[in-house]
file structure_2.cif (mmCIF, C-alpha atoms)
data_my_file
#
loop_
_atom_site.label_atom_id
_atom_site.label_comp_id
_atom_site.auth_asym_id
_atom_site.auth_seq_id
_atom_site.Cartn_x
_atom_site.Cartn_y
_atom_site.Cartn_z
CA MET Z 1 227.60 73.73 139.32
CA ASN Z 2 229.25 72.34 136.17
CA VAL Z 3 227.59 71.47 132.88
CA MET Z 4 226.97 67.87 133.90
CA GLN Z 5 225.33 68.96 137.16
CA PHE Z 6 223.09 71.33 135.21
CA LEU Z 7 222.06 68.57 132.83
CA ALA Z 8 221.38 66.31 135.79
CA SER Z 9 218.98 68.95 137.17
CA LEU Z 10 216.96 69.21 133.94
CA PRO Z 11 214.49 66.43 134.87
CA ALA Z 12 213.57 68.33 138.04
CA LEU Z 13 213.09 71.58 136.09
CA LEU Z 14 210.94 69.87 133.49
CA GLY Z 15 208.94 68.15 136.21
CA LEU Z 16 208.30 71.51 137.89
CA THR Z 17 207.19 72.99 134.57
CA GLY Z 18 204.82 70.08 133.98
CA PHE Z 19 203.35 70.48 137.47
CA VAL Z 20 202.68 74.19 136.88
CA VAL Z 21 201.02 73.43 133.55
CA TYR Z 22 198.87 70.75 135.20
CA LEU Z 23 197.69 73.16 137.91
CA PHE Z 24 196.70 75.83 135.40
CA LEU Z 25 194.92 73.38 133.14
CA ARG Z 26 193.06 71.93 136.11
CA ARG Z 27 191.87 75.39 137.09
CA ASN Z 28 190.80 75.99 133.48
CA ARG Z 29 188.13 73.26 133.62
CA THR Z 30 185.54 75.93 134.62
CA GLY Z 31 185.53 77.28 131.05
CA ASP Z 32 184.91 73.79 129.68
CA ARG Z 33 181.96 73.26 132.02
CA ILE Z 34 180.38 76.60 131.02
CA THR Z 35 180.77 75.71 127.34
CA LEU Z 36 179.09 72.34 127.86
CA ASP Z 37 176.25 73.90 129.85
CA ILE Z 38 175.52 76.45 127.07
CA VAL Z 39 175.73 73.78 124.35
CA GLY Z 40 173.28 71.63 126.33
CA LYS Z 41 170.86 74.55 126.67
CA LEU Z 42 171.01 75.31 122.94
CA ARG Z 43 170.36 71.66 122.10
CA ARG Z 44 167.16 71.83 124.07
CA GLU Z 45 165.97 75.21 122.77
CA ALA Z 46 167.42 75.40 119.25
CA PRO Z 47 168.61 71.99 118.17
CA GLU Z 48 168.20 72.87 114.48
CA ARG Z 49 170.92 75.61 114.77
CA LEU Z 50 173.71 73.38 116.10
CA ALA Z 51 175.91 71.46 113.71
CA GLU Z 52 177.12 67.91 114.26
CA GLY Z 53 179.95 67.81 116.77
CA ALA Z 54 178.89 70.88 118.72
CA ASP Z 55 179.79 69.07 121.94
CA LYS Z 56 183.42 69.42 120.93
CA LEU Z 57 183.33 73.20 120.57
CA ASP Z 58 185.67 75.13 122.83
CA ALA Z 59 184.69 78.40 124.50
CA ALA Z 60 186.15 80.58 121.72
CA ALA Z 61 184.40 78.67 118.92
CA LEU Z 62 181.08 78.70 120.81
CA ALA Z 63 181.29 82.46 121.47
CA LYS Z 64 181.98 83.07 117.76
CA LEU Z 65 178.99 80.88 116.83
CA ILE Z 66 176.65 82.73 119.21
CA GLU Z 67 177.79 86.20 118.06
CA GLY Z 68 177.40 85.22 114.40
CA ASP Z 69 173.92 83.78 114.65
CA ALA Z 70 171.22 86.11 116.01
CA ARG Z 71 168.70 83.30 116.47
CA ILE Z 72 171.13 81.41 118.68
CA ARG Z 73 172.10 84.61 120.49
CA VAL Z 74 168.52 85.19 121.72
CA LYS Z 75 168.49 81.69 123.22
CA VAL Z 76 171.47 82.49 125.47
CA SER Z 77 170.94 84.76 128.42
CA GLU Z 78 173.16 87.77 128.93
CA GLN Z 79 174.47 86.22 132.12
CA ASP Z 80 175.50 82.98 130.38
CA PHE Z 81 177.11 84.91 127.53
CA GLN Z 82 179.03 87.03 130.03
CA LEU Z 83 180.18 83.88 131.83
CA LEU Z 84 181.38 82.53 128.48
CA ARG Z 85 183.34 85.71 127.86
CA ASP Z 86 184.83 85.51 131.34
CA ALA Z 87 185.84 81.90 130.64
CA LEU Z 88 187.50 83.02 127.41
CA ARG Z 89 189.37 85.76 129.26
CA GLN Z 90 190.43 83.29 131.94
CA GLN Z 91 191.64 80.81 129.30
CA PHE Z 92 193.66 83.55 127.61
CA VAL Z 93 195.26 84.65 130.89
CA THR Z 94 195.90 81.02 131.82
CA SER Z 95 197.51 80.22 128.48
CA LEU Z 96 199.60 83.38 128.59
CA THR Z 97 200.76 82.58 132.12
CA VAL Z 98 201.61 78.96 131.30
CA TYR Z 99 203.55 79.95 128.17
CA ALA Z 100 205.36 82.70 130.09
CA VAL Z 101 206.38 80.32 132.89
CA CYS Z 102 207.56 77.69 130.41
CA GLY Z 103 209.41 80.34 128.39
CA ILE Z 104 211.11 81.73 131.49
CA ILE Z 105 212.22 78.26 132.58
CA PHE Z 106 213.48 77.46 129.07
CA LEU Z 107 215.36 80.75 128.70
CA SER Z 108 216.79 80.40 132.20
CA GLY Z 109 218.05 76.94 131.32
CA VAL Z 110 219.65 78.22 128.10
CA VAL Z 111 221.27 81.18 129.88
CA LEU Z 112 222.53 78.96 132.70
CA PHE Z 113 223.91 76.40 130.24
CA VAL Z 114 225.74 79.09 128.24
CA TYR Z 115 227.06 80.65 131.45
CA MET Z 116 228.28 77.35 132.84
CA SER Z 117 229.84 76.37 129.51
CA ALA Z 118 231.68 79.67 129.11
CA ARG Z 119 232.81 80.07 132.70
CA PRO Z 120 236.44 79.02 133.32
CA ILE Z 121 236.76 75.89 135.48
CA PRO Z 122 239.85 76.07 137.76
CA VAL Z 123 242.24 73.18 137.27
CA SER Z 124 242.19 70.49 139.96
CA LEU Z 125 244.91 67.85 140.32
CA SER Z 126 244.71 64.50 142.08
CA SER Z 127 246.40 61.08 142.23
CA ILE Z 128 249.90 62.58 142.25
CA ALA Z 129 252.40 59.70 142.15
CA VAL Z 130 256.12 59.08 141.56
CA GLU Z 131 257.89 56.09 140.05
CA SER Z 132 261.29 55.21 138.64
CA THR Z 133 261.55 54.95 134.87
CA ASN Z 134 264.15 52.15 135.22
CA PRO Z 135 262.51 48.70 134.86
CA THR Z 136 264.97 47.25 137.40
CA ALA Z 137 263.47 49.45 140.15
CA GLN Z 138 259.95 48.11 139.49
CA GLY Z 139 258.58 51.59 140.14
CA LEU Z 140 260.49 52.15 143.41
CA PRO Z 141 262.03 55.68 143.52
CA VAL Z 142 265.83 55.29 143.59
CA ASP Z 143 268.14 58.28 143.58
CA PHE Z 144 270.14 57.51 140.46
CA ASP Z 145 267.12 56.87 138.20
CA GLU Z 146 264.94 59.26 136.28
CA LEU Z 147 261.70 59.82 138.20
CA ARG Z 148 258.34 60.11 136.47
CA VAL Z 149 255.77 62.28 138.27
CA THR Z 150 252.17 61.62 137.18
CA TRP Z 151 248.80 63.13 138.08
CA SER Z 152 245.15 63.31 137.04
CA SER Z 153 243.76 66.65 135.92
CA GLN Z 154 240.27 68.15 135.85
CA GLY Z 155 239.17 71.60 134.77
CA ASP Z 156 240.40 73.94 132.06
CA PRO Z 157 243.98 73.25 130.88
CA GLU Z 158 246.71 75.56 132.12
CA ASP Z 159 250.47 75.54 132.63
CA VAL Z 160 251.58 74.23 136.03
CA SER Z 161 254.95 74.28 137.80
CA VAL Z 162 256.20 70.97 139.21
CA ALA Z 163 259.01 70.54 141.77
CA LEU Z 164 260.35 67.92 144.19
CA GLU Z 165 260.73 68.97 147.83
CA GLU Z 166 262.93 67.35 150.49
CA MET Z 167 260.87 67.22 153.68
CA ASP Z 168 263.66 67.68 156.24
CA ASN Z 169 265.36 70.77 154.84
CA ARG Z 170 262.43 72.04 152.69
CA ARG Z 171 264.73 72.49 149.73
CA ARG Z 172 263.15 72.20 146.31
CA THR Z 173 264.36 71.40 142.84
CA ALA Z 174 264.04 73.89 140.03
CA THR Z 175 260.47 73.80 138.73
CA LYS Z 176 259.44 72.23 135.45
CA THR Z 177 256.57 73.91 133.61
CA VAL Z 178 254.16 71.69 131.69
CA ASN Z 179 250.51 71.79 130.70
CA SER Z 180 248.16 70.28 133.28
CA THR Z 181 246.66 67.94 130.68
CA GLN Z 182 250.07 66.40 129.96
CA GLY Z 183 249.68 64.44 133.18
CA GLU Z 184 253.37 63.72 133.74
CA VAL Z 185 256.89 65.13 133.89
CA VAL Z 186 260.30 63.47 134.33
CA PHE Z 187 263.08 64.55 136.71
CA SER Z 188 266.62 63.38 136.03
CA PRO Z 189 269.13 62.66 138.87
CA ALA Z 190 270.87 65.93 138.00
CA ASP Z 191 267.60 67.76 138.71
CA TYR Z 192 267.16 66.49 142.28
CA LYS Z 193 270.55 65.29 143.63
CA ALA Z 194 271.30 68.71 145.16
CA ILE Z 195 268.32 68.57 147.56
CA LEU Z 196 269.13 65.11 148.99
CA THR Z 197 270.70 65.08 152.45
CA ASN Z 198 271.01 61.38 153.31
CA ARG Z 199 273.73 59.69 151.25
CA SER Z 200 274.38 56.70 153.52
CA HIS Z 201 274.21 53.09 152.40
CA ARG Z 202 270.63 51.75 152.63
CA GLY Z 203 269.46 55.24 153.56
CA GLN Z 204 266.50 57.17 152.23
CA ASN Z 205 265.25 60.73 151.87
CA ARG Z 206 261.71 61.96 152.53
CA ILE Z 207 260.39 63.63 149.38
CA ARG Z 208 257.11 64.97 148.07
CA VAL Z 209 255.89 66.53 144.84
CA VAL Z 210 254.63 70.13 144.84
CA ILE Z 211 252.56 71.33 141.87
CA GLN Z 212 251.62 75.01 141.63
CA THR Z 213 248.69 76.15 139.49
CA ALA Z 214 247.54 79.73 138.92
CA LYS Z 215 245.40 79.67 142.05
CA SER Z 216 246.26 76.58 144.10
CA THR Z 217 249.08 74.35 145.32
CA PHE Z 218 248.78 70.57 145.19
CA GLU Z 219 251.09 68.24 147.12
CA SER Z 220 251.65 64.52 146.86
CA PRO Z 221 251.86 62.21 149.88
CA GLU Z 222 255.39 61.90 151.23
CA PHE Z 223 257.43 59.09 149.68
CA ALA Z 224 260.85 57.55 150.37
CA MET Z 225 263.63 58.17 147.88
CA ARG Z 226 266.04 55.27 148.41
CA VAL Z 227 269.80 55.73 148.26
CA GLY Z 228 270.98 53.47 145.46
CA THR Z 229 274.17 51.40 145.27
CA THR Z 230 276.39 51.05 142.21
CA ILE Z 231 278.41 47.86 141.79
CA LEU Z 232 281.39 48.97 139.72
CA ALA Z 233 283.83 46.75 137.84
CA VAL Z 234 286.98 48.53 136.66
CA HIS Z 235 289.63 47.16 134.31
CA ILE Z 236 292.53 48.79 136.18
CA GLU Z 237 295.46 47.13 134.45
CA PRO Z 238 295.79 44.67 131.57
CA LEU Z 239 295.75 41.75 134.03
CA ARG Z 240 293.82 43.22 136.95
CA ILE Z 241 290.18 44.16 137.61
CA LYS Z 242 288.47 45.55 140.70
CA ILE Z 243 284.83 45.09 141.76
CA MET Z 244 283.41 47.37 144.49
CA GLY Z 245 280.24 48.93 145.87
CA MET Z 246 279.93 52.70 145.36
CA ILE Z 247 277.73 55.63 146.39
CA ASP Z 248 278.40 59.01 144.77
CA ASN Z 249 281.70 57.77 143.28
CA ARG Z 250 282.97 56.74 146.71
CA ALA Z 251 283.52 53.16 147.89
CA ILE Z 252 281.10 52.00 150.61
CA ASP Z 253 283.10 51.31 153.77
CA PHE Z 254 283.11 47.70 154.99
CA TYR Z 255 280.55 46.62 152.41
CA ASP Z 256 280.65 42.90 151.55
CA PHE Z 257 278.48 41.58 148.75
CA GLU Z 258 278.07 38.89 146.12
CA ALA Z 259 278.64 39.61 142.45
CA LYS Z 260 280.19 37.94 139.44
CA LEU Z 261 281.79 39.25 136.31
CA LEU Z 262 281.49 36.88 133.33
CA VAL Z 263 283.49 37.10 130.12
CA TRP Z 264 284.18 34.67 127.28
CA ALA Z 265 287.90 33.78 126.88
CA ALA Z 266 290.08 31.17 125.20
CA SER Z 267 293.69 30.10 125.06
CA SER Z 268 295.43 29.81 121.70
CA GLY Z 269 293.71 27.37 119.39
CA ARG Z 270 290.89 26.55 121.81
CA THR Z 271 287.15 27.24 121.72
CA PRO Z 272 286.09 30.23 123.87
CA GLU Z 273 284.49 29.39 127.20
CA PRO Z 274 282.86 31.54 129.91
CA VAL Z 275 285.17 32.65 132.72
CA THR Z 276 283.89 34.27 135.94
CA TYR Z 277 285.51 36.46 138.58
CA GLY Z 278 284.08 37.49 141.91
CA GLY Z 279 281.62 35.56 144.04
CA ARG Z 280 281.73 36.59 147.68
CA ILE Z 281 283.53 39.94 147.57
CA LYS Z 282 284.88 41.35 150.84
CA TYR Z 283 285.73 44.96 151.47
CA GLY Z 284 289.43 45.54 150.83
CA HIS Z 285 289.80 42.22 149.00
CA ASN Z 286 288.15 43.06 145.71
CA ASP Z 287 291.06 42.84 143.23
CA PHE Z 288 291.11 39.97 140.75
CA THR Z 289 294.03 38.89 138.56
CA LEU Z 290 293.41 37.88 134.96
CA ASP Z 291 295.03 34.87 133.30
CA SER Z 292 297.79 36.03 130.95
CA LYS Z 293 297.36 32.86 128.85
CA LEU Z 294 293.77 33.70 127.92
CA ASN Z 295 292.48 35.95 125.22
CA TYR Z 296 289.44 37.80 126.62
CA ASN Z 297 286.56 38.92 124.43
CA TRP Z 298 285.60 42.05 126.37
CA SER Z 299 282.57 42.66 124.14
CA THR Z 300 280.90 39.74 125.95
CA VAL Z 301 281.58 40.94 129.50
CA LYS Z 302 278.61 41.05 131.95
CA LEU Z 303 278.39 41.97 135.62
CA THR Z 304 275.65 40.50 137.84
CA TYR Z 305 274.81 41.43 141.45
CA PHE Z 306 273.36 38.75 143.78
CA GLY Z 307 272.98 40.43 147.19
CA PRO Z 308 272.56 41.03 150.04
CA ASP Z 309 270.75 44.31 149.23
CA ASP Z 310 267.41 44.66 147.49
CA ARG Z 311 268.34 44.29 143.84
CA ARG Z 312 265.85 47.01 142.90
CA LEU Z 313 268.24 49.48 144.56
CA VAL Z 314 271.41 48.29 142.83
CA ARG Z 315 272.82 49.11 139.39
CA THR Z 316 275.94 47.68 137.76
CA GLU Z 317 278.53 49.63 135.82
CA MET Z 318 281.76 48.67 134.03
CA LEU Z 319 284.70 50.89 133.10
CA GLY Z 320 287.73 50.21 130.95
CA PHE Z 321 286.54 47.03 129.27
#
call {"tool": "encode", "arguments": {"input": "structure_2.cif", "output": "structure tokens"}}
result
Amino acid sequence: MNVMQFLASLPALLGLTGFVVYLFLRRNRTGDRITLDIVGKLRREAPERLAEGADKLDAAALAKLIEGDARIRVKVSEQDFQLLRDALRQQFVTSLTVYAVCGIIFLSGVVLFVYMSARPIPVSLSSIAVESTNPTAQGLPVDFDELRVTWSSQGDPEDVSVALEEMDNRRRTATKTVNSTQGEVVFSPADYKAILTNRSHRGQNRIRVVIQTAKSTFESPEFAMRVGTTILAVHIEPLRIKIMGMIDNRAIDFYDFEAKLLVWAASSGRTPEPVTYGGRIKYGHNDFTLDSKLNYNWSTVKLTYFGPDDRRLVRTEMLGF
């Protein structure tokens, strides 16, 4: 039971207390009837001795009145007076019992609240998810992006250890230690590349997140880590560039794709205009010769990939420009 559950149970505890009080008060009506009977008898036999409002006297006040006035005392039989004393005793016991029950319930509630508030609540994690931090990926995990692991936490804060695990070989990354309330941690490609086994074009690796707390282990659902493709443009020579698809710094065999490199250039005395190289690029035929008559403004160069792969899995890179 947590604090909120205890508070939710308070109406039931208060209802039980009220029911107990009602039962005792209902049983206590005997004393009231005895008091009324004696007052009625005194009204008949000694009306001059009763003050206005005598009907509202309780058993204790009536007993005090009878004991303090000898002329009233002789009008009340010993049996009635003894019944009045018994009613007083019963009222005292009843009141004491009711107050004791209410006090016990109140103290129990206070003790339980303090106990539940002070008791450590083990941390519990849920909604463990992974997404790429690169906007191009649109959240899809790709193996050359930083990966953000997120979760929801309940319970007392504590440090947790977070790792990525490859499902086929059960290899894990080095753990990252963060506080459970932080709710996220980021893994760089250098953190997880060593555990990946599938490096083929359009391949994927089965990964999950493992989070270790002081007492429990929490695991995410399995997710696919896609093998990403880099489209690389290299300025090899002053008048030659090469555009190719790469995985792990190695050209992808027999990979044809569409991409264009755009740069602003101009001949002597002319206004600069955009010039493009590329288009449909075939494997082994990816060299492009620059025009020696043009002056290229390499600060304006851009490389754009068009397909055929999912563009969320592709990044462009340029060297030597």
call {"tool": "resolve_selection", "arguments": {"input": "structure_2.cif", "expression": "the PyMOL selection byres ((chain Z and resi 194) around 12)", "output": "PyMOL selection string"}}
result
chain Z and resi 143+164-166+169+171-174+188-193+195-199
call {"tool": "closest_residue", "arguments": {"input": "structure_2.cif", "among": "Z:Ile236, Z:Met246, Z:Arg312, Z:Phe306", "to": "Z:Thr289", "atoms": "only C-alpha atoms"}}
result
Z:Ile236
call {"tool": "atom_distance", "arguments": {"input": "structure_2.cif", "atom1": "atom CA of Z:Asn205", "atom2": "atom CA of Z:Val142"}}
result
9.9 Å
call {"tool": "resolve_selection", "arguments": {"input": "structure_2.cif", "expression": "the PyMOL selection byres ((chain Z and resi 231) around 9)", "output": "short mmCIF file (atom, residue, chain, number, x, y, z; two decimals) with C-alpha atoms, keeping the file's coordinate frame"}}
result
data_model
loop_
_atom_site.label_atom_id
_atom_site.label_comp_id
_atom_site.auth_asym_id
_atom_site.auth_seq_id
_atom_site.Cartn_x
_atom_site.Cartn_y
_atom_site.Cartn_z
CA THR Z 229 274.17 51.40 145.27
CA THR Z 230 276.39 51.05 142.21
CA LEU Z 232 281.39 48.97 139.72
CA ALA Z 233 283.83 46.75 137.84
CA ILE Z 243 284.83 45.09 141.76
CA MET Z 244 283.41 47.37 144.49
CA GLY Z 245 280.24 48.93 145.87
CA MET Z 246 279.93 52.70 145.36
CA ALA Z 259 278.64 39.61 142.45
CA LEU Z 303 278.39 41.97 135.62
CA THR Z 304 275.65 40.50 137.84
CA TYR Z 305 274.81 41.43 141.45
CA VAL Z 314 271.41 48.29 142.83
CA ARG Z 315 272.82 49.11 139.39
CA THR Z 316 275.94 47.68 137.76
CA GLU Z 317 278.53 49.63 135.82
CA MET Z 318 281.76 48.67 134.03
#
call {"tool": "closest_residue", "arguments": {"input": "structure_2.cif", "among": "Z:Ala214, Z:Val186, Z:Val110, Z:Leu239", "to": "Z:Asp159", "atoms": "only C-alpha atoms"}}
result
Z:Ala214
